[in-house]
$ cat query_27.pdb   # PDB, C-alpha atoms, pLDDT in the B column
MODEL        1
ATOM      1  CA  GLY G   3     -56.072  19.420  -7.476  1.00 84.00           C
ATOM      2  CA  PRO G   4     -58.329  16.970  -5.687  1.00 92.00           C
ATOM      3  CA  ASN G   5     -56.833  14.144  -3.651  1.00 92.00           C
ATOM      4  CA  ILE G   6     -57.908  10.706  -2.473  1.00 90.00           C
ATOM      5  CA  ALA G   7     -57.205   9.159   0.929  1.00 90.00           C
ATOM      6  CA  PHE G   8     -56.586   5.507   1.725  1.00 89.00           C
ATOM      7  CA  SER G   9     -56.428   3.818   5.108  1.00 90.00           C
ATOM      8  CA  ILE G  10     -54.819   0.401   5.507  1.00 89.00           C
ATOM      9  CA  HIS G  11     -55.178  -1.534   8.735  1.00 90.00           C
ATOM     10  CA  ARG G  12     -53.232  -4.769   9.277  1.00 88.00           C
ATOM     11  CA  THR G  13     -54.203  -7.048  12.135  1.00 87.00           C
ATOM     12  CA  ASP G  14     -51.851  -9.912  11.243  1.00 85.00           C
ATOM     13  CA  GLY G  15     -48.659  -8.289  12.460  1.00 79.00           C
ATOM     14  CA  GLN G  16     -46.267  -5.700  11.126  1.00 84.00           C
ATOM     15  CA  GLY G  17     -44.320  -5.356   7.918  1.00 90.00           C
ATOM     16  CA  TRP G  18     -44.478  -3.609   4.585  1.00 92.00           C
ATOM     17  CA  VAL G  19     -47.786  -3.179   2.762  1.00 92.00           C
ATOM     18  CA  GLY G  20     -48.522  -1.846  -0.710  1.00 92.00           C
ATOM     19  CA  LEU G  21     -51.416  -0.729  -2.898  1.00 92.00           C
ATOM     20  CA  SER G  22     -51.273  -0.691  -6.699  1.00 91.00           C
ATOM     21  CA  PHE G  23     -53.560   1.085  -9.141  1.00 87.00           C
ATOM     22  CA  GLY G  24     -54.574   0.534 -12.740  1.00 81.00           C
ATOM     23  CA  SER G  25     -52.980  -2.822 -13.523  1.00 80.00           C
ATOM     24  CA  PRO G  26     -55.036  -5.965 -14.215  1.00 76.00           C
ATOM     25  CA  ASP G  27     -52.353  -8.194 -12.683  1.00 77.00           C
ATOM     26  CA  GLY G  28     -51.428  -5.734  -9.936  1.00 80.00           C
ATOM     27  CA  MET G  29     -47.812  -5.378 -11.089  1.00 82.00           C
ATOM     28  CA  THR G  30     -47.377  -4.644 -14.798  1.00 84.00           C
ATOM     29  CA  HIS G  31     -47.227  -0.861 -15.407  1.00 86.00           C
ATOM     30  CA  ALA G  32     -48.681  -0.281 -11.950  1.00 88.00           C
ATOM     31  CA  ASP G  33     -48.645   2.894  -9.885  1.00 92.00           C
ATOM     32  CA  MET G  34     -47.996   1.919  -6.253  1.00 92.00           C
ATOM     33  CA  LEU G  35     -48.003   3.315  -2.754  1.00 93.00           C
ATOM     34  CA  ILE G  36     -45.820   1.196  -0.476  1.00 92.00           C
ATOM     35  CA  ALA G  37     -45.461   1.600   3.282  1.00 93.00           C
ATOM     36  CA  THR G  38     -42.267   0.303   4.878  1.00 92.00           C
ATOM     37  CA  ILE G  39     -40.907   0.596   8.406  1.00 91.00           C
ATOM     38  CA  LYS G  40     -37.624   2.477   8.892  1.00 90.00           C
ATOM     39  CA  SER G  41     -36.168   2.719  12.411  1.00 89.00           C
ATOM     40  CA  GLY G  42     -39.570   1.900  13.916  1.00 88.00           C
ATOM     41  CA  VAL G  43     -41.405   4.587  11.898  1.00 91.00           C
ATOM     42  CA  ILE G  44     -43.778   3.975   8.966  1.00 93.00           C
ATOM     43  CA  VAL G  45     -42.723   5.644   5.701  1.00 93.00           C
ATOM     44  CA  VAL G  46     -44.891   5.731   2.553  1.00 94.00           C
ATOM     45  CA  ASP G  47     -43.368   6.228  -0.897  1.00 94.00           C
ATOM     46  CA  ASP G  48     -44.593   6.337  -4.495  1.00 94.00           C
ATOM     47  CA  TYR G  49     -43.406   3.416  -6.675  1.00 94.00           C
ATOM     48  CA  TRP G  50     -43.756   2.239 -10.274  1.00 93.00           C
ATOM     49  CA  SER G  51     -43.642  -1.370 -11.426  1.00 90.00           C
ATOM     50  CA  VAL G  52     -42.756  -2.208 -15.019  1.00 86.00           C
ATOM     51  CA  SER G  53     -43.358  -5.958 -14.725  1.00 84.00           C
ATOM     52  CA  LEU G  54     -43.627  -8.829 -12.277  1.00 80.00           C
ATOM     53  CA  SER G  55     -40.478  -7.676 -10.522  1.00 81.00           C
ATOM     54  CA  THR G  56     -39.520  -5.403  -7.644  1.00 88.00           C
ATOM     55  CA  PRO G  57     -41.058  -1.954  -8.146  1.00 92.00           C
ATOM     56  CA  GLN G  58     -38.825   1.120  -8.273  1.00 91.00           C
ATOM     57  CA  LEU G  59     -39.237   4.452  -6.517  1.00 93.00           C
ATOM     58  CA  ASP G  60     -40.738   7.051  -8.863  1.00 93.00           C
ATOM     59  CA  THR G  61     -37.920   9.399  -7.870  1.00 93.00           C
ATOM     60  CA  ALA G  62     -35.304   6.828  -8.964  1.00 93.00           C
ATOM     61  CA  LEU G  63     -36.936   6.735 -12.416  1.00 93.00           C
ATOM     62  CA  GLY G  64     -37.021  10.521 -12.830  1.00 93.00           C
ATOM     63  CA  GLY G  65     -40.524  11.058 -11.448  1.00 92.00           C
ATOM     64  CA  LYS G  66     -41.653  12.565  -8.179  1.00 93.00           C
ATOM     65  CA  ASN G  67     -43.020  11.207  -4.929  1.00 93.00           C
ATOM     66  CA  SER G  68     -46.748  11.941  -5.254  1.00 93.00           C
ATOM     67  CA  VAL G  69     -47.578  11.109  -1.637  1.00 93.00           C
ATOM     68  CA  LYS G  70     -49.111  14.297  -0.214  1.00 93.00           C
ATOM     69  CA  TYR G  71     -49.511  13.095   3.369  1.00 92.00           C
ATOM     70  CA  PHE G  72     -49.096   9.921   5.366  1.00 94.00           C
ATOM     71  CA  LYS G  73     -49.337   8.869   8.957  1.00 93.00           C
ATOM     72  CA  GLY G  74     -48.699   5.473  10.431  1.00 92.00           C
ATOM     73  CA  ASN G  75     -49.202   3.786  13.775  1.00 90.00           C
ATOM     74  CA  ILE G  76     -47.572   0.557  14.887  1.00 91.00           C
ATOM     75  CA  GLY G  77     -49.155  -1.497  17.666  1.00 87.00           C
ATOM     76  CA  ASP G  78     -48.336  -4.845  19.246  1.00 84.00           C
ATOM     77  CA  LYS G  79     -49.603  -7.043  16.422  1.00 84.00           C
ATOM     78  CA  GLU G  80     -51.103  -4.489  14.116  1.00 88.00           C
ATOM     79  CA  MET G  81     -50.374  -1.397  12.103  1.00 91.00           C
ATOM     80  CA  THR G  82     -52.406   1.345  10.462  1.00 92.00           C
ATOM     81  CA  VAL G  83     -51.338   3.520   7.539  1.00 93.00           C
ATOM     82  CA  ASN G  84     -53.226   6.572   6.262  1.00 93.00           C
ATOM     83  CA  VAL G  85     -52.060   8.110   3.001  1.00 94.00           C
ATOM     84  CA  ILE G  86     -53.257  10.877   0.664  1.00 94.00           C
ATOM     85  CA  ARG G  87     -52.317  11.176  -3.005  1.00 93.00           C
ATOM     86  CA  PRO G  88     -53.636  13.214  -5.954  1.00 93.00           C
ATOM     87  CA  LEU G  89     -56.380  11.854  -8.192  1.00 92.00           C
ATOM     88  CA  LYS G  90     -54.528  13.215 -11.234  1.00 92.00           C
ATOM     89  CA  ALA G  91     -51.190  11.716 -12.278  1.00 90.00           C
ATOM     90  CA  GLU G  92     -48.276  14.024 -11.566  1.00 91.00           C
ATOM     91  CA  ASP G  93     -45.672  12.268 -13.727  1.00 91.00           C
ATOM     92  CA  ASN G  94     -45.243   9.369 -16.162  1.00 91.00           C
ATOM     93  CA  TYR G  95     -44.990   6.951 -13.235  1.00 92.00           C
ATOM     94  CA  ASP G  96     -48.427   7.726 -11.810  1.00 92.00           C
ATOM     95  CA  LYS G  97     -51.890   6.829 -13.033  1.00 90.00           C
ATOM     96  CA  ASP G  98     -55.050   8.885 -12.808  1.00 90.00           C
ATOM     97  CA  ILE G  99     -57.620   7.585 -10.348  1.00 88.00           C
ATOM     98  CA  ASP G 100     -61.104   7.863 -11.848  1.00 87.00           C
ATOM     99  CA  ILE G 101     -63.667   8.220  -9.072  1.00 84.00           C
ATOM    100  CA  ASN G 102     -66.586   7.835 -11.510  1.00 84.00           C
ATOM    101  CA  GLY G 103     -66.115   4.130 -12.082  1.00 80.00           C
ATOM    102  CA  PRO G 104     -64.807   1.058 -10.335  1.00 84.00           C
ATOM    103  CA  LEU G 105     -61.208   1.425  -9.191  1.00 84.00           C
ATOM    104  CA  GLN G 106     -58.939  -1.505  -9.959  1.00 86.00           C
ATOM    105  CA  ILE G 107     -56.560  -1.916  -7.031  1.00 88.00           C
ATOM    106  CA  SER G 108     -54.348  -4.655  -5.684  1.00 88.00           C
ATOM    107  CA  TYR G 109     -52.674  -5.018  -2.336  1.00 89.00           C
ATOM    108  CA  ALA G 110     -49.713  -7.050  -1.196  1.00 89.00           C
ATOM    109  CA  PHE G 111     -47.855  -7.361   2.077  1.00 91.00           C
ATOM    110  CA  GLY G 112     -44.858  -8.920   3.724  1.00 90.00           C
ATOM    111  CA  TYR G 113     -43.659  -9.566   7.250  1.00 89.00           C
ATOM    112  CA  THR G 114     -40.376  -7.673   6.922  1.00 87.00           C
ATOM    113  CA  ASP G 115     -39.909  -3.956   7.522  1.00 89.00           C
ATOM    114  CA  SER G 116     -38.407  -3.322   4.086  1.00 88.00           C
ATOM    115  CA  LEU G 117     -39.866  -4.254   0.720  1.00 87.00           C
ATOM    116  CA  THR G 118     -39.306  -7.925  -0.154  1.00 85.00           C
ATOM    117  CA  LYS G 119     -40.944 -10.373  -2.550  1.00 86.00           C
ATOM    118  CA  HIS G 120     -44.432 -11.360  -1.485  1.00 86.00           C
ATOM    119  CA  THR G 121     -45.940 -14.813  -1.845  1.00 79.00           C
ATOM    120  CA  PRO G 122     -48.956 -15.506  -4.073  1.00 78.00           C
ATOM    121  CA  THR G 123     -51.099 -15.821  -0.938  1.00 81.00           C
ATOM    122  CA  ASN G 124     -50.006 -12.388   0.381  1.00 84.00           C
ATOM    123  CA  ARG G 125     -51.768 -10.431  -2.342  1.00 86.00           C
ATOM    124  CA  LYS G 126     -55.234  -9.772  -3.745  1.00 84.00           C
ATOM    125  CA  ALA G 127     -56.723  -7.882  -6.680  1.00 83.00           C
ATOM    126  CA  LEU G 128     -59.925  -5.943  -6.050  1.00 85.00           C
ATOM    127  CA  LEU G 129     -62.482  -3.760  -7.792  1.00 84.00           C
ATOM    128  CA  LEU G 130     -63.568  -0.932  -5.532  1.00 84.00           C
ATOM    129  CA  ASP G 131     -66.776   0.934  -6.369  1.00 84.00           C
ATOM    130  CA  LEU G 132     -66.185   4.326  -4.787  1.00 80.00           C
ATOM    131  CA  ASP G 133     -69.880   5.283  -5.064  1.00 79.00           C
ATOM    132  CA  SER G 134     -71.315   2.310  -3.208  1.00 81.00           C
ATOM    133  CA  GLY G 135     -68.249   1.175  -1.247  1.00 79.00           C
ATOM    134  CA  ILE G 136     -68.652  -2.359  -2.622  1.00 81.00           C
ATOM    135  CA  ILE G 137     -65.400  -4.297  -2.983  1.00 80.00           C
ATOM    136  CA  THR G 138     -65.239  -7.251  -5.368  1.00 83.00           C
ATOM    137  CA  GLU G 139     -62.334  -9.679  -5.484  1.00 81.00           C
ATOM    138  CA  THR G 140     -61.045 -10.242  -9.013  1.00 77.00           C
ATOM    139  CA  THR G 141     -58.923 -12.930 -10.565  1.00 66.00           C
ATOM    140  CA  THR G 142     -55.484 -11.947 -11.817  1.00 55.00           C
ATOM    141  CA  THR G 143     -52.839 -13.328 -14.082  1.00 49.00           C
ATOM    142  CA  ILE G 144     -50.234 -13.466 -11.312  1.00 51.00           C
ATOM    143  CA  SER G 145     -51.562 -16.753  -9.947  1.00 54.00           C
ATOM    144  CA  MET G 146     -51.609 -18.149 -13.490  1.00 56.00           C
ATOM    145  CA  THR G 147     -48.075 -16.862 -14.102  1.00 62.00           C
ATOM    146  CA  TYR G 148     -46.917 -18.503 -10.874  1.00 63.00           C
ATOM    147  CA  ALA G 149     -48.544 -21.810 -11.907  1.00 67.00           C
ATOM    148  CA  LEU G 150     -46.916 -21.601 -15.342  1.00 71.00           C
ATOM    149  CA  ARG G 151     -43.483 -20.999 -13.805  1.00 74.00           C
ATOM    150  CA  ILE G 152     -43.864 -24.033 -11.545  1.00 75.00           C
ATOM    151  CA  SER G 153     -45.097 -26.176 -14.477  1.00 79.00           C
ATOM    152  CA  HIS G 154     -42.226 -24.955 -16.637  1.00 80.00           C
ATOM    153  CA  GLY G 155     -39.719 -25.858 -13.912  1.00 79.00           C
ATOM    154  CA  ILE G 156     -41.140 -29.370 -13.570  1.00 82.00           C
ATOM    155  CA  ILE G 157     -41.140 -29.934 -17.330  1.00 81.00           C
ATOM    156  CA  MET G 158     -37.555 -28.670 -17.616  1.00 80.00           C
ATOM    157  CA  TYR G 159     -36.460 -30.969 -14.785  1.00 76.00           C
ATOM    158  CA  VAL G 160     -38.094 -33.975 -16.465  1.00 75.00           C
ATOM    159  CA  SER G 161     -36.690 -33.011 -19.896  1.00 76.00           C
ATOM    160  CA  TRP G 162     -33.106 -32.301 -18.899  1.00 77.00           C
ATOM    161  CA  GLY G 163     -32.827 -34.288 -15.711  1.00 76.00           C
ATOM    162  CA  ILE G 164     -34.402 -37.533 -16.818  1.00 77.00           C
ATOM    163  CA  LEU G 165     -34.961 -37.718 -20.586  1.00 76.00           C
ATOM    164  CA  PHE G 166     -31.645 -36.138 -21.617  1.00 76.00           C
ATOM    165  CA  LEU G 167     -29.663 -38.203 -19.132  1.00 78.00           C
ATOM    166  CA  GLY G 168     -31.606 -41.332 -20.099  1.00 80.00           C
ATOM    167  CA  GLY G 169     -30.914 -40.697 -23.788  1.00 82.00           C
ATOM    168  CA  ALA G 170     -27.213 -40.213 -23.122  1.00 82.00           C
ATOM    169  CA  LEU G 171     -27.041 -43.452 -21.121  1.00 82.00           C
ATOM    170  CA  TRP G 172     -29.013 -45.307 -23.805  1.00 82.00           C
ATOM    171  CA  ALA G 173     -26.688 -44.033 -26.547  1.00 87.00           C
ATOM    172  CA  ARG G 174     -23.595 -44.925 -24.543  1.00 84.00           C
ATOM    173  CA  TYR G 175     -24.496 -48.464 -23.453  1.00 85.00           C
ATOM    174  CA  TYR G 176     -26.956 -49.763 -26.055  1.00 83.00           C
TER     175      TYR G 176
ENDMDL
END
$ encode --input "query_27.pdb" --output "C-alpha cells"
Amino acid sequence: GPNIAFSIHRTDGQGWVGLSFGSPDGMTHADMLIATIKSGVIVVDDYWSVSLSTPQLDTALGGKNSVKYFKGNIGDKEMTVNVIRPLKAEDNYDKDIDINGPLQISYAFGYTDSLTKHTPTNRKALLLDLDSGIITETTTTISMTYALRISHGIIMYVSWGILFLGGALWARYY
C-alpha cells in the first residue's frame, strides 16, 4: 500500500527523537516512531504508548515493526532521520494516517542515545495540514497533567507534612 515519509532534523545536538500519531495528548494510545542511537548508528523502531508512560515496542506487544525504511546521519551538533511507514495500520498498535485532513502529531526528544523520559519543554503537539504544509501548534493535556501532579505533590506535602504533624503535636501537648 501507499507509504508516507518523514524527515526529522535536529540542530540542538544528538539524542533520541520520536514522533507520535493520533493522540490528542501525544502519549495516550499513540502510534510512535522513535529514533535512538545504538553504537553510533541511528535506529528507528515502531512503538505504542498506552498512557503517559514509557512506550513499548510494537513487536514486544505482539505487533510488527511497521518501519519500511529509515536512514540517519549524525553530525557534530546535529542529526537527521528519514523514515518511511505505511499510511494504513498494519497491526493493532498502529494508527491509520489520513492524508485528506489535518494530521495530529507530536514530537519529543532527549539528549541521551537511548529512550528516556522527556521533560515538558522537550515536546510539542502539532496539527500538520498535508495539503498546504501549514503546521499549527496545539495545546495538550500533558502540560496540564504535569501541573496537576506538581499541585498534588504540594498539597500532599502541606496536608501530611504540616497539618497532620501539627494536629498530632496539638493533640499531644494541648
$ resolve_selection --input "query_27.pdb" --expression "the PyMOL selection byres ((chain G and resi 16) around 12)" --output "PyMOL selection string"
chain G and resi 10-15+17-19+37-39+42-44+74-83+111-116
$ closest_residue --input "query_27.pdb" --among "G:Leu35, G:Leu117, G:Pro88, G:Gly24" --to "Leu130 of chain G" --atoms "all atoms listed in the file"
G:Gly24
$ closest_residue --input "query_27.pdb" --among "G:Ile6, G:Ala127, G:Leu150, G:Leu171" --to "Asp100 of chain G" --atoms "only C-alpha atoms"
G:Ile6
$ resolve_selection --input "query_27.pdb" --expression "the PyMOL selection byres ((chain G and resi 68) around 7)" --output "tab-separated table (two decimals) with C-alpha atoms, in the coordinates of the input"
chain	number	residue	atom	x	y	z
G	48	ASP	CA	-44.59	6.34	-4.50
G	66	LYS	CA	-41.65	12.56	-8.18
G	67	ASN	CA	-43.02	11.21	-4.93
G	69	VAL	CA	-47.58	11.11	-1.64
G	70	LYS	CA	-49.11	14.30	-0.21
G	87	ARG	CA	-52.32	11.18	-3.00
G	92	GLU	CA	-48.28	14.02	-11.57
$ resolve_selection --input "query_27.pdb" --expression "the PyMOL selection byres ((chain G and resi 61) around 10)" --output "short mmCIF file (atom, residue, chain, number, x, y, z; two decimals) with C-alpha atoms, keeping the file's coordinate frame"
data_model
loop_
_atom_site.label_atom_id
_atom_site.label_comp_id
_atom_site.auth_asym_id
_atom_site.auth_seq_id
_atom_site.Cartn_x
_atom_site.Cartn_y
_atom_site.Cartn_z
CA ASP G 47 -43.37 6.23 -0.90
CA ASP G 48 -44.59 6.34 -4.50
CA TYR G 49 -43.41 3.42 -6.68
CA TRP G 50 -43.76 2.24 -10.27
CA GLN G 58 -38.83 1.12 -8.27
CA LEU G 59 -39.24 4.45 -6.52
CA ASP G 60 -40.74 7.05 -8.86
CA ALA G 62 -35.30 6.83 -8.96
CA LEU G 63 -36.94 6.74 -12.42
CA GLY G 64 -37.02 10.52 -12.83
CA GLY G 65 -40.52 11.06 -11.45
CA LYS G 66 -41.65 12.56 -8.18
CA ASN G 67 -43.02 11.21 -4.93
CA SER G 68 -46.75 11.94 -5.25
CA TYR G 95 -44.99 6.95 -13.24
#
$ axis_aligned_box --input "query_27.pdb" --around "segment 18-28 of chain G" --padding-each-side "3 Å" --output "JSON"
{"center_x": -49.8, "center_y": -3.6, "center_z": -4.8, "size_x": 16.6, "size_y": 15.3, "size_z": 24.8}
$ atom_distance --input "query_27.pdb" --atom1 "atom CA of Leu129 of chain G" --atom2 "atom CA of Gly103 of chain G"
9.7 Å
$ atom_distance --input "query_27.pdb" --atom1 "atom CA of Ile86 of chain G" --atom2 "atom CA of Ile101 of chain G"
14.5 Å
$ atom_distance --input "query_27.pdb" --atom1 "atom CA of Leu21 of chain G" --atom2 "atom CA of Ser153 of chain G"
28.7 Å
$ closest_residue --input "query_27.pdb" --among "G:Ile152, G:Val46, G:Val160, G:Val52" --to "Gly20 of chain G" --atoms "all atoms listed in the file"
G:Val46
$ residues_around --input "query_27.pdb" --residues "Ser55 of chain G" --least-positions-apart "6" --cutoff "12 Å" --atoms "all atoms listed in the file" --output "VMD selection string"
chain G and resid 28 to 32 117 to 120 144
$ build_atoms --input "query_27.pdb" --residues "segment 33-44 of chain G" --atoms "all heavy atoms" --output "compact mmCIF listing (two decimals), in the coordinates of the input"
# COMPACT_ATOMS: atom_id res chain seq x y z
N ASP G 33 -48.97 1.79 -10.79
CA ASP G 33 -48.64 2.89 -9.88
C ASP G 33 -48.87 2.36 -8.48
O ASP G 33 -49.91 1.76 -8.21
CB ASP G 33 -49.58 4.06 -10.19
CG ASP G 33 -49.32 5.28 -9.34
OD1 ASP G 33 -48.27 5.35 -8.68
OD2 ASP G 33 -50.18 6.17 -9.36
N MET G 34 -47.90 2.53 -7.58
CA MET G 34 -48.00 1.92 -6.25
C MET G 34 -47.68 2.89 -5.13
O MET G 34 -46.86 3.79 -5.30
CB MET G 34 -47.01 0.75 -6.14
CG MET G 34 -47.25 -0.35 -7.11
SD MET G 34 -46.03 -1.65 -6.87
CE MET G 34 -46.65 -2.89 -7.97
N LEU G 35 -48.34 2.67 -4.02
CA LEU G 35 -48.00 3.32 -2.75
C LEU G 35 -47.56 2.19 -1.83
O LEU G 35 -48.33 1.25 -1.59
CB LEU G 35 -49.21 4.03 -2.16
CG LEU G 35 -49.81 5.17 -2.98
CD1 LEU G 35 -51.10 5.66 -2.35
CD2 LEU G 35 -48.81 6.31 -3.09
N ILE G 36 -46.35 2.27 -1.32
CA ILE G 36 -45.82 1.20 -0.48
C ILE G 36 -45.34 1.78 0.84
O ILE G 36 -44.56 2.74 0.87
CB ILE G 36 -44.68 0.43 -1.17
CG1 ILE G 36 -45.22 -0.20 -2.47
CG2 ILE G 36 -44.10 -0.63 -0.25
CD1 ILE G 36 -44.18 -0.93 -3.29
N ALA G 37 -45.85 1.19 1.93
CA ALA G 37 -45.46 1.60 3.28
C ALA G 37 -44.45 0.60 3.81
O ALA G 37 -44.68 -0.61 3.79
CB ALA G 37 -46.68 1.65 4.19
N THR G 38 -43.30 1.12 4.26
CA THR G 38 -42.27 0.30 4.88
C THR G 38 -42.00 0.87 6.28
O THR G 38 -42.50 1.94 6.63
CB THR G 38 -40.97 0.32 4.05
OG1 THR G 38 -40.54 1.67 3.87
CG2 THR G 38 -41.18 -0.33 2.69
N ILE G 39 -41.23 0.14 7.05
CA ILE G 39 -40.91 0.60 8.41
C ILE G 39 -39.40 0.85 8.46
O ILE G 39 -38.60 -0.04 8.17
CB ILE G 39 -41.32 -0.45 9.45
CG1 ILE G 39 -42.82 -0.73 9.35
CG2 ILE G 39 -40.94 0.02 10.85
CD1 ILE G 39 -43.30 -1.88 10.20
N LYS G 40 -39.03 2.09 8.79
CA LYS G 40 -37.62 2.48 8.89
C LYS G 40 -37.37 3.01 10.30
O LYS G 40 -37.99 3.98 10.70
CB LYS G 40 -37.27 3.53 7.84
CG LYS G 40 -37.39 2.99 6.44
CD LYS G 40 -37.05 4.02 5.40
CE LYS G 40 -37.22 3.40 4.02
NZ LYS G 40 -37.24 4.35 2.95
N SER G 41 -36.50 2.33 11.03
CA SER G 41 -36.17 2.72 12.41
C SER G 41 -37.41 2.84 13.29
O SER G 41 -37.55 3.76 14.08
CB SER G 41 -35.38 4.03 12.42
OG SER G 41 -34.20 3.91 11.67
N GLY G 42 -38.36 1.92 13.10
CA GLY G 42 -39.57 1.90 13.92
C GLY G 42 -40.64 2.88 13.49
O GLY G 42 -41.66 3.01 14.17
N VAL G 43 -40.45 3.59 12.37
CA VAL G 43 -41.40 4.59 11.90
C VAL G 43 -41.90 4.17 10.51
O VAL G 43 -41.11 3.76 9.65
CB VAL G 43 -40.74 5.98 11.82
CG1 VAL G 43 -41.70 7.01 11.26
CG2 VAL G 43 -40.23 6.40 13.18
N ILE G 44 -43.21 4.30 10.27
CA ILE G 44 -43.78 3.98 8.97
C ILE G 44 -43.48 5.10 7.98
O ILE G 44 -43.66 6.28 8.28
CB ILE G 44 -45.30 3.75 9.08
CG1 ILE G 44 -45.57 2.51 9.94
CG2 ILE G 44 -45.93 3.59 7.70
CD1 ILE G 44 -47.02 2.25 10.23
